[in-house]
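Peer 1: Below are the structure tokens for one structure; questions will follow.
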Amino acid sequence: MSLLLIAEHDNSKLKVFTLNAINAASKIDGDIHVLVAGSGCENVAKEVAAVPLVKKVLFCDSPNYKNYLPENLAPLVTKISEKYDQIVASANTFGKNFMPRVAAALDVSQVSDVTKINSADTFVRPIYAGNAFATVKSNDKKKCITIRPTSFDPAPKTGGSAQVEKIEAVAVSNNSKFIKREETKSERPELGTARVVISGGRGMESADNFKLITAIADKLNAAVGASRAAVDAGYISNDHQVGQTGKVVVPDLYIAVGISGAIQHLAGMKESKIIVAINKDGEAPIFSIADYGLEADLFKALPEFLTELNKLNTIQK
Amino acid sequence: MKILVAVKRVIDYNVQIRVKEDGSGVHTDNVKMSTNPPDDNAIEEAVKLKESGKVKEVVAITIGEEKAQETVRKALAVGADRGIHVKADTYIEPLGIAKILKKVVEKEKPDMVFLGKQAIDDDCNQTGQMLAAMLNWPQGTFTSKVNLKDKTMEIVREIDEGLETIEINLPAIVTCDLRLNEPRYAALPNIMKAKKKPMEQMVAKDLGIDLTNRIQQLKVEEPPKRKGGIKVSSVAELVSKLKNEAKVI
Ligand SMILES: Cc1cc2nc3c(=O)[nH]c(=O)nc-3n(C[C@H](O)[C@H](O)[C@H](O)COP(=O)(O)OP(=O)(O)OC[C@H]3O[C@@H](n4cnc5c(N)ncnc54)[C@H](O)[C@@H]3O)c2cc1C
Ligand SMILES: Nc1ncnc2c1ncn2[C@@H]1O[C@H](COP(=O)(O)O)[C@@H](O)[C@H]1O
């Protein structure tokens with residue numbers, strides 16, 4: 001058995017979710033080879049080579065792959081896939097974008113968003129926004145799977161020394177063009193991997209009021225999340241959305257503020273270890289899954305919360 | 001120009017689904033069904049482009065049982081011109097759906113195909129991308145803004161890091177996010193008029209495509225239930241519990 005995993009990176013650094021996918025892939029018996037395709041991304045290839053679970057790095061350096069356009073990346077992956085039994089990527093906007101193109105080109109039915117690997121052909125995945133879990137068996141000879149990163153721990157990063165093999169780029173069709181990427185820059189931890197997440201919903205009432213959330217996030221070294229309603233209302237940008245159509249988070253502590261707890265939101269956070277809900281409506285569904293519920297007006301509770309946190313002499317980082 | 005829009009009939013997003021006791025799936029009897037939510041955005045965008053004069057015809061297509069036609073009727077009621085129903089009595093996975101759509105695209109020759117970014121029942125997020133690969137067309141996935149030009153379209157896509165703008169040549173595939181637009185409601189007279197709009201019928205298994213599902217569903221289970229927690233009476237109590245009981249801060 002041999003596995004091909006496609007690394008996600010920004011041409012200078014590996015994205016952590018690749019490590020989660022590598023760890024997941026290691027549950028399947030077989031050598032893990034990782035494709036690093038990008039432009040000027042030699043450092044990423046080195047980083048991947050140091051991951052002990054990786055047997056070999058396939059390194060393709062070409063302007064064609066600079067912006068990971070799926071029209072360019074998928075044909076490369078498809079070509080390399082000839083020699084592999086399993087093609088693996090993260091189930092985030094990176095993997096979701098190109099992997100189905102690879103699967104279709106290989107005439108394979110993709111298994112999306114795998115949360116558990118039972119064997120080389122049997123996987124568990126959420127359906128209906130995580131209100132049910134399906135155990136599925138893939139009868140395709142080759143498998144294309146995407147891994148829900150937060151369901152697996154990241155693989156250790158150092159200690160390995162995999163061989164790096166350079167490979168050729170393939171021709172591209174030039175039918176799509178990258179224009180720009182607007183990334184939300186923040187000093188705070190990333191939403192997907194943060195130990196603590198504090199999210200605001202429609203109850204926040206304005207973008208300005210999110211200051212109440214960010215002040216606490218800074219104190220707790222937390223990432224900031226949001227409900228779809230808060231993003232739709234323009235209180236905060238889309239990359240903060242947690243839920244069925246946003247990000248999945250599994251922090252040690254999730255604090256939901258002014259969020260009612262629609263199933264689509266719960267889909268993205270209900271696996272969190274400890275859930276806190278702050279909501280003025282005692283009947284809000286979020287309370288049914290919260291370990292600690294505080295029925296209160298958030299405009300009063302959040303400043304108090306900050307004051308109480310300031311009183312603590314230590315806060316876990 | 002012409003747009004083909006794929007609409008799927010799914011359990012309504014407001015329904016709390018129930019897993020069948022024998023693990024064979026979820027209960028669907030007497031359950032409210034609706035159009036997959038982002039597919040409504042796909043229709044809305046296509047209709048808006050038609051109203052702007054840039055697009056001549058909007059064709060809505062669904063694949064599924066007889067009742068799936070409701071989704072196409074709804075699309076016709078908000079402004080689609082014509083419908084196609086490809087009859088299939090059993091579940092077809094995204095790979096098969098994409099193959100059916102490819103057949104229809106080859107016949108209809110649209111300039112664009114709009115789909116939802118994800119079906120809220122199987123949560124696969126595959127069909128549009130697969131269709132794009134099969135046709136060798138470019139794709140704009142998770143789209144929250146569309147700007148149609150003469151031979152290209154500029155797409156703003158929602159990605160994990162924020163937003164990305166790309167320009168893709170026509171013909172192209174677009175998969176729509178809920179933030180793309182605000183779908184309109186069908187007015188009663190338009191619902192009546194929609195009944196008279198043409199709806200072409202096909203049968204999936206007569207299309208000459210191998211539609212055997214490759215993925216076998218072995219069992220469906222409910223997720224483990226979370227134990228209900230407690231209500232705290234003050235912020236001070238909350239902080240104390242987080243510090244001393246849960247030990248997370
Ligand atoms: C296909 C589909 C996909 C979706 N995907 C997602 C997704 O990924 N993520 C997501 O979050 N949603 C998603 N949604 C939307 C979801 O259904 C809900 O509409 C949304 O989660 C509601 O957000 P909310 O809880 O912030 O707002 P509301 O439901 O309006 O709740 C606001 C809450 O704030 C409380 N509140 C108001 N003022 C105060 C105050 N002063 N103090 C304390 N509490 C207060 C209220 O009591 C209420 O409970 C999706 C919907 C669809 C159809
Ligand atoms: N049976 C179907 N009929 C029509 N469109 C479909 C069907 N299944 C999937 N689609 C389209 O493909 C999109 C993505 O579905 P999926 O890949 O299953 O998440 C949906 O939002 C629809 O636009």
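Labels for the structure tokens follow display order: chains A, B, ..., residues from 1 in each chain, ligands from 1.
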Tell me, as a list in words, which residues lie within 10 Å of Glu308 of chain A, counting only C-alpha atoms; anything in the same chain fewer than 4 positions away does not count.
Peer 2: Leu302, Pro303, Glu304 and Leu312 of chain A; Val235, Ala236, Glu237, Leu238, Val239 and Ser240 of chain B
Peer 1: If you keep C-alpha atoms, can you produce a file of those selected residues as a tab-separated table (two decimals), in the first residue's frame?
Peer 2:
```
chain	number	residue	atom	x	y	z
A	302	LEU	CA	-18.53	40.19	29.15
A	303	PRO	CA	-17.02	43.21	30.98
A	304	GLU	CA	-17.47	41.32	34.25
A	312	LEU	CA	-6.67	35.61	38.37
B	235	VAL	CA	-19.72	35.40	36.11
B	236	ALA	CA	-17.58	34.88	39.22
B	237	GLU	CA	-18.94	31.36	39.60
B	238	LEU	CA	-18.31	30.68	35.91
B	239	VAL	CA	-14.68	31.75	36.14
B	240	SER	CA	-14.16	29.77	39.31
```
Peer 1: Using only C-alpha atoms, I'd like every residue of chain B that has an atom within 6 Å of chain A; please write them out as JSON, numbers by chain.
Peer 2: {"B": [95, 120, 121, 122, 123, 124, 126, 129, 130, 133, 159, 160, 161, 162, 163, 164, 165, 166, 167, 168, 169, 214, 215, 216, 217, 218, 219, 220, 221, 222, 223, 228, 229, 230, 231, 232, 235, 249]}
Peer 1: For ligand 2, collect every residue having any atom at a distance of at most 9 Å from a ligand atom (counting only C-alpha atoms and all ligand atoms); output as an MDAnalysis selection string.
Peer 2: (chainID A and resid 100) or (chainID B and resid 5:10 35:40 42 60:65 68 85:86 88 91:95 97:98 101 114:130 175:176)
Peer 1: Could you dump the residues just selected with N, CA and C atoms as a short mmCIF file (atom, residue, chain, number, x, y, z; two decimals), in the first residue's frame?
Peer 2:
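New file out37.cif:
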```cif
data_model
loop_
_atom_site.label_atom_id
_atom_site.label_comp_id
_atom_site.auth_asym_id
_atom_site.auth_seq_id
_atom_site.Cartn_x
_atom_site.Cartn_y
_atom_site.Cartn_z
N PRO A 100 -11.82 16.78 -5.39
CA PRO A 100 -12.85 16.16 -6.24
C PRO A 100 -12.48 16.17 -7.72
N VAL B 5 -28.54 25.34 -13.83
CA VAL B 5 -28.42 25.36 -12.37
C VAL B 5 -28.89 24.02 -11.80
N ALA B 6 -28.04 23.40 -10.97
CA ALA B 6 -28.38 22.11 -10.39
C ALA B 6 -28.98 22.31 -9.00
N VAL B 7 -30.19 21.78 -8.82
CA VAL B 7 -30.87 21.94 -7.53
C VAL B 7 -31.22 20.56 -6.97
N LYS B 8 -30.91 20.36 -5.70
CA LYS B 8 -31.14 19.07 -5.07
C LYS B 8 -32.23 19.18 -4.01
N ARG B 9 -33.03 18.15 -3.92
CA ARG B 9 -34.06 18.12 -2.88
C ARG B 9 -33.48 17.40 -1.67
N VAL B 10 -33.54 18.08 -0.53
CA VAL B 10 -32.96 17.52 0.70
C VAL B 10 -33.92 17.72 1.87
N THR B 35 -35.48 22.65 -1.09
CA THR B 35 -34.30 22.78 -1.94
C THR B 35 -33.08 22.95 -1.05
N ASN B 36 -32.00 22.29 -1.39
CA ASN B 36 -30.73 22.46 -0.69
C ASN B 36 -30.41 23.96 -0.62
N PRO B 37 -30.22 24.53 0.57
CA PRO B 37 -30.15 26.00 0.68
C PRO B 37 -29.22 26.72 -0.30
N PRO B 38 -27.95 26.35 -0.46
CA PRO B 38 -27.13 27.12 -1.40
C PRO B 38 -27.58 26.98 -2.86
N ASP B 39 -28.39 25.98 -3.16
CA ASP B 39 -28.91 25.85 -4.53
C ASP B 39 -29.91 26.97 -4.82
N ASP B 40 -30.58 27.44 -3.76
CA ASP B 40 -31.45 28.61 -3.92
C ASP B 40 -30.63 29.83 -4.30
N ALA B 42 -27.87 29.71 -5.92
CA ALA B 42 -27.42 29.47 -7.31
C ALA B 42 -28.49 29.93 -8.29
N ALA B 60 -33.09 24.95 -14.95
CA ALA B 60 -32.88 24.29 -13.67
C ALA B 60 -32.98 22.79 -13.84
N ILE B 61 -32.07 22.06 -13.20
CA ILE B 61 -32.09 20.61 -13.32
C ILE B 61 -32.01 19.95 -11.95
N THR B 62 -32.77 18.90 -11.77
CA THR B 62 -32.64 18.10 -10.57
C THR B 62 -32.56 16.63 -10.94
N ILE B 63 -31.90 15.88 -10.08
CA ILE B 63 -31.81 14.43 -10.27
C ILE B 63 -32.36 13.79 -9.01
N GLY B 64 -33.36 12.95 -9.16
CA GLY B 64 -33.94 12.34 -7.98
C GLY B 64 -35.31 11.76 -8.28
N GLU B 65 -36.00 11.42 -7.19
CA GLU B 65 -37.31 10.78 -7.37
C GLU B 65 -38.33 11.79 -7.93
N ALA B 68 -38.75 15.23 -6.51
CA ALA B 68 -37.65 16.19 -6.63
C ALA B 68 -38.01 17.31 -7.59
N HIS B 85 -35.95 17.24 -15.30
CA HIS B 85 -35.96 16.28 -14.19
C HIS B 85 -35.37 14.96 -14.68
N VAL B 86 -34.26 14.57 -14.06
CA VAL B 86 -33.68 13.27 -14.38
C VAL B 86 -34.11 12.32 -13.27
N ALA B 88 -34.45 9.36 -10.85
CA ALA B 88 -33.61 8.33 -10.23
C ALA B 88 -34.26 7.99 -8.90
N TYR B 91 -30.47 6.69 -4.28
CA TYR B 91 -29.41 7.69 -4.08
C TYR B 91 -28.28 7.48 -5.08
N ILE B 92 -27.85 8.54 -5.70
CA ILE B 92 -26.68 8.51 -6.58
C ILE B 92 -25.61 9.40 -5.96
N GLU B 93 -24.40 8.89 -5.83
CA GLU B 93 -23.35 9.69 -5.20
C GLU B 93 -22.85 10.78 -6.15
N PRO B 94 -22.13 11.79 -5.60
CA PRO B 94 -21.71 12.93 -6.41
C PRO B 94 -21.03 12.57 -7.73
N LEU B 95 -20.21 11.52 -7.74
CA LEU B 95 -19.54 11.13 -8.99
C LEU B 95 -20.57 10.82 -10.08
N ILE B 97 -23.79 11.83 -10.08
CA ILE B 97 -24.52 13.07 -10.38
C ILE B 97 -23.73 13.91 -11.37
N ALA B 98 -22.42 14.00 -11.14
CA ALA B 98 -21.58 14.81 -12.03
C ALA B 98 -21.60 14.21 -13.44
N LEU B 101 -24.85 15.20 -15.03
CA LEU B 101 -24.82 16.62 -15.39
C LEU B 101 -23.95 16.84 -16.62
N PHE B 114 -24.18 26.50 -12.49
CA PHE B 114 -24.16 26.93 -11.09
C PHE B 114 -24.66 25.77 -10.22
N LEU B 115 -23.97 25.54 -9.12
CA LEU B 115 -24.40 24.53 -8.15
C LEU B 115 -24.26 25.11 -6.75
N GLY B 116 -24.81 24.41 -5.77
CA GLY B 116 -24.53 24.79 -4.39
C GLY B 116 -23.15 24.30 -4.03
N LYS B 117 -22.54 24.91 -3.00
CA LYS B 117 -21.19 24.45 -2.68
C LYS B 117 -21.23 23.10 -1.98
N GLN B 118 -22.35 22.79 -1.38
CA GLN B 118 -22.41 21.54 -0.61
C GLN B 118 -23.87 21.19 -0.38
N ALA B 119 -24.16 19.90 -0.45
CA ALA B 119 -25.51 19.45 -0.13
C ALA B 119 -25.56 19.22 1.37
N ILE B 120 -26.61 19.72 2.03
CA ILE B 120 -26.60 19.65 3.49
C ILE B 120 -27.03 18.28 4.03
N ASP B 121 -27.30 17.33 3.14
CA ASP B 121 -27.57 15.97 3.64
C ASP B 121 -26.29 15.12 3.66
N ASP B 122 -25.66 14.98 2.47
CA ASP B 122 -24.44 14.16 2.46
C ASP B 122 -23.19 14.97 2.80
N ASP B 123 -23.31 16.31 2.81
CA ASP B 123 -22.17 17.18 3.12
C ASP B 123 -20.90 16.79 2.35
N CYS B 124 -21.06 16.43 1.08
CA CYS B 124 -19.90 15.95 0.30
C CYS B 124 -19.00 17.06 -0.23
N ASN B 125 -19.62 18.11 -0.73
CA ASN B 125 -18.86 19.21 -1.32
C ASN B 125 -17.96 18.72 -2.46
N GLN B 126 -18.54 18.06 -3.43
CA GLN B 126 -17.76 17.46 -4.52
C GLN B 126 -18.32 17.72 -5.92
N THR B 127 -19.64 17.74 -6.05
CA THR B 127 -20.26 17.60 -7.36
C THR B 127 -19.76 18.63 -8.38
N GLY B 128 -19.73 19.90 -7.99
CA GLY B 128 -19.32 20.95 -8.92
C GLY B 128 -17.89 20.76 -9.40
N GLN B 129 -17.01 20.46 -8.45
CA GLN B 129 -15.60 20.28 -8.80
C GLN B 129 -15.43 19.06 -9.72
N MET B 130 -16.20 18.00 -9.45
CA MET B 130 -16.08 16.80 -10.30
C MET B 130 -16.56 17.09 -11.71
N THR B 175 -19.67 27.14 -7.78
CA THR B 175 -20.41 26.58 -6.64
C THR B 175 -20.63 27.69 -5.63
N CYS B 176 -21.88 27.81 -5.19
CA CYS B 176 -22.32 29.01 -4.49
C CYS B 176 -22.35 28.85 -2.97
#
```
Peer 1: Please extract the residues of segment 28-249 of chain B with a backbone DSSP assignment of strand (DSSP E) and present them as an NGL selection string.
Peer 2: :B and (33-35 or 57-64 or 82-87 or 112-116 or 139-148 or 152-159 or 162-169 or 172-176 or 199-203 or 215-221 or 230-232)
Peer 1: Using the selection just defined, write its residues with C-alpha atoms as a PDB file, in the first residue's frame.
Peer 2:
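Wrote selection23.pdb, looks like this:
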```pdb
ATOM      1  CA  MET B  33     -38.163  18.474   2.285  1.00  0.00           C
ATOM      2  CA  SER B  34     -36.811  21.593   0.584  1.00  0.00           C
ATOM      3  CA  THR B  35     -34.297  22.780  -1.944  1.00  0.00           C
ATOM      4  CA  GLU B  57     -31.825  31.531 -20.490  1.00  0.00           C
ATOM      5  CA  VAL B  58     -31.769  29.818 -17.108  1.00  0.00           C
ATOM      6  CA  VAL B  59     -32.379  26.074 -16.996  1.00  0.00           C
ATOM      7  CA  ALA B  60     -32.877  24.288 -13.667  1.00  0.00           C
ATOM      8  CA  ILE B  61     -32.091  20.606 -13.320  1.00  0.00           C
ATOM      9  CA  THR B  62     -32.642  18.101 -10.570  1.00  0.00           C
ATOM     10  CA  ILE B  63     -31.812  14.433 -10.271  1.00  0.00           C
ATOM     11  CA  GLY B  64     -33.942  12.341  -7.980  1.00  0.00           C
ATOM     12  CA  ARG B  82     -37.137  25.748 -18.181  1.00  0.00           C
ATOM     13  CA  GLY B  83     -36.727  22.616 -16.086  1.00  0.00           C
ATOM     14  CA  ILE B  84     -35.167  19.195 -16.448  1.00  0.00           C
ATOM     15  CA  HIS B  85     -35.956  16.280 -14.193  1.00  0.00           C
ATOM     16  CA  VAL B  86     -33.680  13.271 -14.376  1.00  0.00           C
ATOM     17  CA  LYS B  87     -35.561  10.519 -12.644  1.00  0.00           C
ATOM     18  CA  MET B 112     -21.998  28.300 -17.009  1.00  0.00           C
ATOM     19  CA  VAL B 113     -23.214  25.691 -14.556  1.00  0.00           C
ATOM     20  CA  PHE B 114     -24.162  26.929 -11.089  1.00  0.00           C
ATOM     21  CA  LEU B 115     -24.397  24.528  -8.154  1.00  0.00           C
ATOM     22  CA  GLY B 116     -24.531  24.788  -4.394  1.00  0.00           C
ATOM     23  CA  GLN B 139     -14.194  26.420 -11.413  1.00  0.00           C
ATOM     24  CA  GLY B 140     -15.074  29.043  -8.850  1.00  0.00           C
ATOM     25  CA  THR B 141     -15.922  27.246  -5.619  1.00  0.00           C
ATOM     26  CA  PHE B 142     -17.443  28.612  -2.381  1.00  0.00           C
ATOM     27  CA  THR B 143     -18.365  31.743  -4.283  1.00  0.00           C
ATOM     28  CA  SER B 144     -19.701  34.820  -2.530  1.00  0.00           C
ATOM     29  CA  LYS B 145     -19.482  37.254  -5.456  1.00  0.00           C
ATOM     30  CA  VAL B 146     -19.813  36.897  -9.214  1.00  0.00           C
ATOM     31  CA  ASN B 147     -18.946  39.473 -11.837  1.00  0.00           C
ATOM     32  CA  LEU B 148     -19.807  38.215 -15.301  1.00  0.00           C
ATOM     33  CA  THR B 152     -14.669  35.496 -18.310  1.00  0.00           C
ATOM     34  CA  MET B 153     -16.046  35.838 -14.857  1.00  0.00           C
ATOM     35  CA  GLU B 154     -14.460  37.315 -11.791  1.00  0.00           C
ATOM     36  CA  ILE B 155     -15.203  35.297  -8.708  1.00  0.00           C
ATOM     37  CA  VAL B 156     -14.715  36.101  -5.037  1.00  0.00           C
ATOM     38  CA  ARG B 157     -14.357  32.875  -3.062  1.00  0.00           C
ATOM     39  CA  GLU B 158     -14.534  32.236   0.647  1.00  0.00           C
ATOM     40  CA  ILE B 159     -11.437  30.414   1.823  1.00  0.00           C
ATOM     41  CA  GLY B 162     -10.348  35.037   4.140  1.00  0.00           C
ATOM     42  CA  LEU B 163     -11.273  35.860   0.560  1.00  0.00           C
ATOM     43  CA  GLU B 164      -9.724  35.022  -2.774  1.00  0.00           C
ATOM     44  CA  THR B 165     -10.408  36.633  -6.141  1.00  0.00           C
ATOM     45  CA  ILE B 166      -9.904  34.690  -9.357  1.00  0.00           C
ATOM     46  CA  GLU B 167     -10.803  35.197 -12.974  1.00  0.00           C
ATOM     47  CA  ILE B 168     -11.991  32.163 -14.908  1.00  0.00           C
ATOM     48  CA  ASN B 169     -12.703  31.710 -18.590  1.00  0.00           C
ATOM     49  CA  ALA B 172     -17.138  27.636 -16.192  1.00  0.00           C
ATOM     50  CA  ILE B 173     -18.507  26.020 -13.062  1.00  0.00           C
ATOM     51  CA  VAL B 174     -19.573  28.060 -10.043  1.00  0.00           C
ATOM     52  CA  THR B 175     -20.409  26.582  -6.644  1.00  0.00           C
ATOM     53  CA  CYS B 176     -22.317  29.010  -4.493  1.00  0.00           C
ATOM     54  CA  MET B 199     -40.155  20.474 -17.754  1.00  0.00           C
ATOM     55  CA  GLU B 200     -38.226  17.872 -19.673  1.00  0.00           C
ATOM     56  CA  GLN B 201     -38.075  14.357 -18.244  1.00  0.00           C
ATOM     57  CA  MET B 202     -35.274  11.857 -18.491  1.00  0.00           C
ATOM     58  CA  VAL B 203     -34.518   8.607 -16.738  1.00  0.00           C
ATOM     59  CA  ILE B 215     -19.226   3.862  -1.722  1.00  0.00           C
ATOM     60  CA  GLN B 216     -21.233   1.479   0.381  1.00  0.00           C
ATOM     61  CA  GLN B 217     -22.904   2.825   3.466  1.00  0.00           C
ATOM     62  CA  LEU B 218     -22.359   0.177   6.142  1.00  0.00           C
ATOM     63  CA  LYS B 219     -24.151   1.910   8.974  1.00  0.00           C
ATOM     64  CA  VAL B 220     -25.416   5.245  10.194  1.00  0.00           C
ATOM     65  CA  GLU B 221     -25.234   6.129  13.868  1.00  0.00           C
ATOM     66  CA  ILE B 230     -25.170  23.138  34.696  1.00  0.00           C
ATOM     67  CA  LYS B 231     -26.257  26.735  34.814  1.00  0.00           C
ATOM     68  CA  VAL B 232     -24.074  29.052  36.813  1.00  0.00           C
TER      69      VAL B 232
END
```
Peer 1: Fewer than 4 positions away in the same chain doesn't count, so skip those; otherwise give me all residues within 8 Å of Val257 of chain A, counting only C-alpha atoms, as a PDB file with C-alpha atoms, in the first residue's frame.
Peer 2:
```pdb
ATOM      1  CA  ILE A 198     -14.591  32.619  22.018  1.00  0.00           C
ATOM      2  CA  SER A 199     -17.327  33.209  19.457  1.00  0.00           C
ATOM      3  CA  GLY A 200     -19.927  35.919  19.060  1.00  0.00           C
ATOM      4  CA  GLY A 201     -23.302  35.701  17.384  1.00  0.00           C
ATOM      5  CA  GLY A 203     -26.522  38.960  19.919  1.00  0.00           C
ATOM      6  CA  MET A 204     -23.329  41.044  19.617  1.00  0.00           C
ATOM      7  CA  ALA A 277     -22.781  29.579  26.720  1.00  0.00           C
ATOM      8  CA  ILE A 278     -23.647  33.146  27.574  1.00  0.00           C
ATOM      9  CA  ASN A 279     -27.135  34.024  26.415  1.00  0.00           C
ATOM     10  CA  LEU A 298     -23.758  39.727  27.357  1.00  0.00           C
TER      11      LEU A 298
END
```
Peer 1: Env of segment 3-14 of chain A: 7 Å cut, atoms = only C-alpha atoms, seq-sep filter 3 positions within chain, self excluded. Answer as a PyMOL selection string.
Peer 2: chain A and resi 18+30-36+38-41+43-44+84-89
Peer 1: Can you list every residue in segment 111-183 of chain B that DSSP puts in helix (DSSP H, G or I), as a PyMOL selection string?
Peer 2: chain B and resi 127-135+178-180
Peer 1: Write a file of the selected residues as a PDB file, in the first residue's frame, keeping C-alpha atoms.
Peer 2:
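Here's the written file result.pdb:
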```
ATOM      1  CA  THR B 127     -20.259  17.596  -7.365  1.00  0.00           C
ATOM      2  CA  GLY B 128     -19.322  20.951  -8.923  1.00  0.00           C
ATOM      3  CA  GLN B 129     -15.597  20.277  -8.797  1.00  0.00           C
ATOM      4  CA  MET B 130     -16.084  16.801 -10.298  1.00  0.00           C
ATOM      5  CA  LEU B 131     -18.200  18.166 -13.107  1.00  0.00           C
ATOM      6  CA  ALA B 132     -15.551  20.821 -13.774  1.00  0.00           C
ATOM      7  CA  ALA B 133     -12.872  18.134 -14.042  1.00  0.00           C
ATOM      8  CA  MET B 134     -14.989  15.978 -16.353  1.00  0.00           C
ATOM      9  CA  LEU B 135     -15.624  18.910 -18.685  1.00  0.00           C
ATOM     10  CA  LEU B 178     -25.077  31.237   1.093  1.00  0.00           C
ATOM     11  CA  ARG B 179     -23.551  34.715   1.213  1.00  0.00           C
ATOM     12  CA  LEU B 180     -23.703  35.104  -2.582  1.00  0.00           C
TER      13      LEU B 180
END
```
Peer 1: If we count only C-alpha atoms and set the cut-off at 7 Å, which residues sit around Arg148 of chain A, ignoring sequence neighbours fewer than 2 positions away in its own chain? Please answer as an mmCIF file with N, CA, C and O atoms, in the first residue's frame.
Peer 2:
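File written: around_18.cif
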```cif
data_model
loop_
_atom_site.group_PDB
_atom_site.id
_atom_site.type_symbol
_atom_site.label_atom_id
_atom_site.label_comp_id
_atom_site.auth_asym_id
_atom_site.auth_seq_id
_atom_site.Cartn_x
_atom_site.Cartn_y
_atom_site.Cartn_z
ATOM 1 N N SER A 90 -6.367 17.416 3.249
ATOM 2 C CA SER A 90 -7.205 17.922 4.343
ATOM 3 C C SER A 90 -8.566 18.340 3.806
ATOM 4 O O SER A 90 -8.673 18.857 2.707
ATOM 5 N N ALA A 91 -9.589 18.145 4.651
ATOM 6 C CA ALA A 91 -10.938 18.576 4.261
ATOM 7 C C ALA A 91 -11.138 20.024 4.704
ATOM 8 O O ALA A 91 -11.977 20.321 5.545
ATOM 9 N N ASP A 113 -14.242 14.347 4.206
ATOM 10 C CA ASP A 113 -14.370 14.748 5.602
ATOM 11 C C ASP A 113 -14.314 13.559 6.579
ATOM 12 O O ASP A 113 -15.151 13.437 7.484
ATOM 13 N N VAL A 114 -13.325 12.726 6.407
ATOM 14 C CA VAL A 114 -13.201 11.522 7.229
ATOM 15 C C VAL A 114 -12.806 11.893 8.667
ATOM 16 O O VAL A 114 -11.860 12.643 8.889
ATOM 17 N N THR A 115 -13.567 11.368 9.632
ATOM 18 C CA THR A 115 -13.251 11.654 11.036
ATOM 19 C C THR A 115 -12.635 10.445 11.733
ATOM 20 O O THR A 115 -12.124 10.563 12.844
ATOM 21 N N THR A 146 -10.566 12.931 1.908
ATOM 22 C CA THR A 146 -10.166 14.152 2.595
ATOM 23 C C THR A 146 -10.422 13.938 4.085
ATOM 24 O O THR A 146 -11.403 13.319 4.483
ATOM 25 N N THR A 150 -9.342 18.377 12.418
ATOM 26 C CA THR A 150 -9.509 18.486 13.865
ATOM 27 C C THR A 150 -9.885 17.162 14.514
ATOM 28 O O THR A 150 -9.949 17.064 15.731
ATOM 29 N N SER A 151 -10.129 16.128 13.737
ATOM 30 C CA SER A 151 -10.437 14.824 14.317
ATOM 31 C C SER A 151 -9.176 13.994 14.565
ATOM 32 O O SER A 151 -9.260 12.886 15.081
#
```
Peer 1: I need the residue nearest Ile145 of chain A from this list: A:Tyr65, A:Ala171, A:Asp297, A:Ala24. Use only C-alpha atoms for the distance.
Peer 2: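 Nearest to Ile145 of chain A: A:Ala24.
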